[in-house]
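What follows is one structure encoded as structure tokens, with my remarks underneath.
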Amino acid sequence: MNGENDVHPALQRDPSLYRDGARLCKAMGHPSRLLIIDALAAGPLCASELTQRIGCDASTVSTHLRILREAGLIVDERRGTHIFYQLADRCILSVFECLARFGVAPAQIATSRLALSLIHISEPTRPRL
């Protein structure tokens, strides 16, 4: 950017390129949904287990799960009468490291989630249920 008329490359990009990223950020934009992502870092959980951990009623947790599922952040599998949820891709756990760097999430969450994601680094990015 040497001249007066130079425009930063990011400003030359089509804003629609960021639509999907904004959708994912919006899906994570609630404390309960971040808590769900954090809880699922340890492995698949059914809705009733998530309801206990979050402390919300089942219909509220169901709504949060639907939003995360529609955004592609989690996947589900029916096992008998229960539906189990797990992360669609463990890379989303890096959000906790970022939040900790901004001082808005406990560092121990970021550290433990990052360690969990590194342990599973050899797994495929899309889990097989």
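Residue numbers start at 1 in each chain; chains themselves are named A, B, ... in the order of the structure tokens; ligands are numbered from 1 in the order shown.
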Arg66 (chain A) surroundings by only C-alpha atoms, 12 Å radius, close-in-sequence under 2 positions cut, as a short mmCIF file (atom, residue, chain, number, x, y, z; two decimals) with C-alpha atoms, in the first residue's frame:
```
data_model
loop_
_atom_site.label_atom_id
_atom_site.label_comp_id
_atom_site.auth_asym_id
_atom_site.auth_seq_id
_atom_site.Cartn_x
_atom_site.Cartn_y
_atom_site.Cartn_z
CA ALA A 27 -24.27 -20.13 16.08
CA MET A 28 -21.61 -19.99 18.82
CA ARG A 33 -23.85 -23.15 23.05
CA ILE A 36 -22.22 -27.49 24.77
CA ALA A 47 -29.37 -34.51 25.21
CA SER A 59 -36.55 -27.61 25.22
CA THR A 60 -33.97 -24.83 25.55
CA VAL A 61 -31.09 -27.30 25.17
CA SER A 62 -32.87 -28.81 22.17
CA THR A 63 -33.04 -25.39 20.55
CA HIS A 64 -29.32 -24.80 21.16
CA LEU A 68 -25.36 -25.92 16.39
CA ARG A 69 -26.42 -28.84 14.18
CA GLU A 70 -27.83 -26.57 11.45
CA ALA A 71 -24.57 -24.61 11.47
CA GLY A 72 -22.67 -27.86 10.95
CA LEU A 73 -20.79 -27.60 14.23
CA ILE A 74 -22.20 -30.81 15.70
CA VAL A 75 -23.58 -34.07 14.34
CA ASP A 76 -26.04 -36.46 15.91
CA TYR A 85 -24.28 -35.43 19.82
#
```
Checklist entry - Quick one: DSSP helix (DSSP H, G or I) residues in region 6-59 of chain A, as a PyMOL selection string? => result chain A and resi 9-12+15-27+31-40+47-54+58-59
Since we have the selection now, will you write its residues out, keeping N, CA and C atoms, as a CSV table (one decimal), in the first residue's frame?
```
chain,number,residue,atom,x,y,z
A,9,PRO,N,-6.2,-5.3,0.6
A,9,PRO,CA,-6.8,-6.4,-0.1
A,9,PRO,C,-8.1,-7.0,0.5
A,10,ALA,N,-8.2,-6.9,1.8
A,10,ALA,CA,-9.4,-7.4,2.5
A,10,ALA,C,-10.6,-6.6,2.1
A,11,LEU,N,-10.4,-5.3,1.8
A,11,LEU,CA,-11.5,-4.4,1.5
A,11,LEU,C,-12.0,-4.7,0.0
A,12,GLN,N,-11.1,-5.4,-0.7
A,12,GLN,CA,-11.5,-5.6,-2.1
A,12,GLN,C,-12.3,-7.0,-2.3
A,15,PRO,N,-18.0,-9.2,0.3
A,15,PRO,CA,-18.5,-9.5,1.7
A,15,PRO,C,-19.2,-10.8,1.8
A,16,SER,N,-19.8,-11.3,0.7
A,16,SER,CA,-20.5,-12.6,0.8
A,16,SER,C,-19.6,-13.7,1.2
A,17,LEU,N,-18.2,-13.6,0.9
A,17,LEU,CA,-17.3,-14.6,1.3
A,17,LEU,C,-17.2,-14.9,2.8
A,18,TYR,N,-17.7,-13.9,3.5
A,18,TYR,CA,-17.6,-14.0,5.0
A,18,TYR,C,-19.0,-14.5,5.6
A,19,ARG,N,-20.0,-14.7,4.8
A,19,ARG,CA,-21.3,-15.1,5.2
A,19,ARG,C,-21.3,-16.4,6.1
A,20,ASP,N,-20.6,-17.4,5.6
A,20,ASP,CA,-20.6,-18.7,6.3
A,20,ASP,C,-19.9,-18.6,7.6
A,21,GLY,N,-18.8,-17.8,7.6
A,21,GLY,CA,-18.0,-17.6,8.9
A,21,GLY,C,-18.9,-16.9,9.9
A,22,ALA,N,-19.6,-15.9,9.4
A,22,ALA,CA,-20.5,-15.1,10.3
A,22,ALA,C,-21.6,-16.0,10.9
A,23,ARG,N,-22.1,-16.9,10.0
A,23,ARG,CA,-23.1,-17.9,10.5
A,23,ARG,C,-22.6,-18.8,11.6
A,24,LEU,N,-21.4,-19.2,11.4
A,24,LEU,CA,-20.8,-20.1,12.5
A,24,LEU,C,-20.6,-19.3,13.8
A,25,CYS,N,-20.1,-18.1,13.6
A,25,CYS,CA,-19.9,-17.2,14.8
A,25,CYS,C,-21.2,-17.0,15.5
A,26,LYS,N,-22.2,-16.7,14.7
A,26,LYS,CA,-23.6,-16.5,15.3
A,26,LYS,C,-24.1,-17.7,16.0
A,27,ALA,N,-23.8,-18.9,15.5
A,27,ALA,CA,-24.3,-20.1,16.1
A,27,ALA,C,-23.6,-20.3,17.4
A,31,PRO,N,-23.7,-18.3,25.5
A,31,PRO,CA,-22.9,-19.0,26.5
A,31,PRO,C,-23.3,-20.5,26.6
A,32,SER,N,-24.5,-20.8,26.5
A,32,SER,CA,-24.9,-22.2,26.6
A,32,SER,C,-24.4,-23.0,25.4
A,33,ARG,N,-24.4,-22.4,24.2
A,33,ARG,CA,-23.8,-23.2,23.0
A,33,ARG,C,-22.3,-23.4,23.2
A,34,LEU,N,-21.6,-22.4,23.7
A,34,LEU,CA,-20.2,-22.6,24.0
A,34,LEU,C,-20.0,-23.7,25.0
A,35,LEU,N,-20.8,-23.7,26.0
A,35,LEU,CA,-20.8,-24.8,27.0
A,35,LEU,C,-21.0,-26.1,26.4
A,36,ILE,N,-22.0,-26.2,25.5
A,36,ILE,CA,-22.2,-27.5,24.8
A,36,ILE,C,-21.0,-27.9,24.0
A,37,ILE,N,-20.4,-27.0,23.2
A,37,ILE,CA,-19.2,-27.3,22.5
A,37,ILE,C,-18.1,-27.8,23.4
A,38,ASP,N,-17.9,-27.1,24.5
A,38,ASP,CA,-16.9,-27.5,25.5
A,38,ASP,C,-17.2,-28.8,26.1
A,39,ALA,N,-18.4,-29.1,26.4
A,39,ALA,CA,-18.8,-30.5,27.0
A,39,ALA,C,-18.5,-31.6,25.9
A,40,LEU,N,-18.8,-31.3,24.7
A,40,LEU,CA,-18.7,-32.3,23.6
A,40,LEU,C,-17.2,-32.6,23.3
A,47,ALA,N,-28.7,-35.8,24.9
A,47,ALA,CA,-29.4,-34.5,25.2
A,47,ALA,C,-29.6,-34.4,26.7
A,48,SER,N,-30.0,-35.5,27.4
A,48,SER,CA,-30.3,-35.4,28.8
A,48,SER,C,-29.0,-35.1,29.6
A,49,GLU,N,-27.8,-35.6,29.2
A,49,GLU,CA,-26.6,-35.3,29.8
A,49,GLU,C,-26.2,-33.9,29.6
A,50,LEU,N,-26.4,-33.4,28.4
A,50,LEU,CA,-26.2,-31.9,28.2
A,50,LEU,C,-27.1,-31.1,29.0
A,51,THR,N,-28.4,-31.5,29.1
A,51,THR,CA,-29.3,-30.7,29.9
A,51,THR,C,-28.9,-30.6,31.3
A,52,GLN,N,-28.4,-31.6,31.9
A,52,GLN,CA,-27.8,-31.6,33.3
A,52,GLN,C,-26.6,-30.7,33.4
A,53,ARG,N,-25.7,-30.8,32.4
A,53,ARG,CA,-24.5,-29.9,32.5
A,53,ARG,C,-24.8,-28.5,32.3
A,54,ILE,N,-25.7,-28.1,31.5
A,54,ILE,CA,-26.0,-26.7,31.2
A,54,ILE,C,-26.9,-26.1,32.2
A,58,ALA,N,-35.0,-28.9,29.0
A,58,ALA,CA,-34.8,-29.8,27.8
A,58,ALA,C,-35.1,-29.0,26.5
A,59,SER,N,-36.2,-28.3,26.5
A,59,SER,CA,-36.6,-27.6,25.2
A,59,SER,C,-35.5,-26.5,24.8
```
